[in-house]
Amino acid sequence: MTTLKTRLQDDLTAAIRARDELRSATLRLTLTAIQKEEVAGESARELSDAEVEKIIAREAKKRREAADAFAKGGRTEQAERERAEGEVLAEYLPKQLTDEELDALVAEAVAEAKAAGAEGPKAMGAVMKIVNPKVAGRAEGGRVAAAVKKRLAG
């Protein structure tokens, strides 16, 4: 069993004992998503920590999107609950890059792409190929794409 999944299960047990309903419900849903992914496909398999991290990131993104939808619909109580669940999941993800750190990585990638002969807005794909492995889960894809577009445009 992966160390991240074990940590999630241990934290779930602790949350249940502490009668922390929000935390236990969030961790249960996340562990269920991990188990679904493990048994999906031809045969059951053990997920790596990186794969578990991607699932947690996906679950956190769902919470952010749900919170936005609830807020737009005027259901502030539900929106707050979704935000709180997202914060619980954020504890298990790597620290997100600041805008300055992301801009620095994008600037390096743009310089690399220019050295390889790609320039202007058409270089978007080449730059994304270079920057994505460097970012590796520390920034959302849309945020990275926006930073690359901004750097290529100006």
# chains A, B, ... in the order shown; residues from 1 in each chain; ligands from 1
$ residues_around --residues "Thr30 in chain A" --least-positions-apart "5" --cutoff "8 Å" --atoms "only C-alpha atoms" --output "MDAnalysis selection string"
chainID A and resid 55:56 59
$ write_last_selection --atoms "N, CA, C and O atoms" --output "compact mmCIF listing (two decimals), in the first residue's frame"
# COMPACT_ATOMS: atom_id res chain seq x y z
N ILE A 55 -5.51 11.86 -7.99
CA ILE A 55 -6.91 11.66 -7.62
C ILE A 55 -7.33 12.68 -6.57
O ILE A 55 -8.41 13.27 -6.65
N ILE A 56 -6.46 12.92 -5.58
CA ILE A 56 -6.76 13.92 -4.56
C ILE A 56 -6.90 15.30 -5.19
O ILE A 56 -7.82 16.06 -4.85
N GLU A 59 -10.22 15.49 -6.91
CA GLU A 59 -11.29 15.66 -5.92
C GLU A 59 -11.32 17.10 -5.39
O GLU A 59 -12.39 17.67 -5.20
$ residues_around --residues "range 82-89 of chain A" --least-positions-apart "5" --cutoff "6 Å" --atoms "only C-alpha atoms" --output "PyMOL selection string"
chain A and resi 26+60+63+67
$ select_by_dssp --residues "range 67-140 of chain A" --states "alpha helix (DSSP H)" --output "VMD selection string"
chain A and resid 67 to 72 76 to 90 99 to 115 124 to 135
$ atom_distance --atom1 "CA of Gln78 in chain A" --atom2 "CA of Asp99 in chain A"
28.9 Å
$ closest_residue --among "A:Ala111, A:Ala104, A:Ala153, A:Leu97" --to "Glu140 in chain A" --atoms "only C-alpha atoms"
A:Leu97
$ decode --residues "range 3-72 of chain A" --atoms "C-alpha atoms" --output "compact mmCIF listing (two decimals), in the first residue's frame"
# COMPACT_ATOMS: atom_id res chain seq x y z
CA THR A 3 2.27 5.77 1.97
CA LEU A 4 -0.17 8.52 0.94
CA LYS A 5 -3.11 6.12 0.90
CA THR A 6 -2.05 4.74 4.29
CA ARG A 7 -1.87 8.28 5.65
CA LEU A 8 -5.38 8.98 4.34
CA GLN A 9 -6.71 5.84 6.03
CA ASP A 10 -4.95 6.62 9.32
CA ASP A 11 -6.29 10.19 9.25
CA LEU A 12 -9.79 8.85 8.52
CA THR A 13 -9.60 6.62 11.59
CA ALA A 14 -8.42 9.55 13.71
CA ALA A 15 -11.21 11.79 12.33
CA ILE A 16 -13.85 9.18 13.11
CA ARG A 17 -12.54 8.79 16.66
CA ALA A 18 -12.51 12.57 17.09
CA ARG A 19 -16.07 12.72 15.68
CA ASP A 20 -14.90 15.21 13.02
CA GLU A 21 -17.77 14.75 10.54
CA LEU A 22 -16.41 17.06 7.83
CA ARG A 23 -12.96 15.51 7.75
CA SER A 24 -14.18 11.91 7.94
CA ALA A 25 -16.77 12.44 5.16
CA THR A 26 -14.18 14.10 2.92
CA LEU A 27 -11.58 11.39 3.48
CA ARG A 28 -14.17 8.64 2.93
CA LEU A 29 -15.14 10.12 -0.44
CA THR A 30 -11.50 10.47 -1.45
CA LEU A 31 -10.61 6.90 -0.43
CA THR A 32 -13.64 5.67 -2.37
CA ALA A 33 -12.41 7.51 -5.48
CA ILE A 34 -8.98 5.91 -5.01
CA GLN A 35 -10.49 2.42 -4.64
CA LYS A 36 -12.63 2.93 -7.76
CA GLU A 37 -9.52 3.86 -9.70
CA GLU A 38 -7.68 0.79 -8.37
CA VAL A 39 -10.33 -1.63 -9.62
CA ALA A 40 -11.04 0.17 -12.91
CA GLY A 41 -9.81 -1.51 -16.06
CA GLU A 42 -8.91 -5.10 -16.79
CA SER A 43 -7.52 -6.03 -13.38
CA ALA A 44 -7.17 -4.53 -9.91
CA ARG A 45 -3.84 -2.84 -9.17
CA GLU A 46 -2.09 -0.82 -6.50
CA LEU A 47 -1.80 2.91 -7.27
CA SER A 48 1.45 4.79 -6.79
CA ASP A 49 1.69 7.87 -4.58
CA ALA A 50 1.75 10.06 -7.72
CA GLU A 51 -1.48 8.49 -8.98
CA VAL A 52 -3.13 8.89 -5.55
CA GLU A 53 -2.00 12.53 -5.53
CA LYS A 54 -3.65 13.09 -8.94
CA ILE A 55 -6.91 11.66 -7.62
CA ILE A 56 -6.76 13.92 -4.56
CA ALA A 57 -6.09 16.91 -6.84
CA ARG A 58 -9.07 15.93 -9.01
CA GLU A 59 -11.29 15.66 -5.92
CA ALA A 60 -10.07 19.06 -4.66
CA LYS A 61 -10.85 20.61 -8.05
CA LYS A 62 -14.38 19.15 -7.89
CA ARG A 63 -14.83 20.83 -4.49
CA ARG A 64 -13.65 24.22 -5.84
CA GLU A 65 -15.99 24.00 -8.83
CA ALA A 66 -18.92 22.92 -6.65
CA ALA A 67 -18.25 25.78 -4.22
CA ASP A 68 -18.30 28.27 -7.09
CA ALA A 69 -21.54 26.79 -8.44
CA PHE A 70 -23.21 26.88 -5.02
CA ALA A 71 -22.04 30.46 -4.45
CA LYS A 72 -23.48 31.56 -7.81
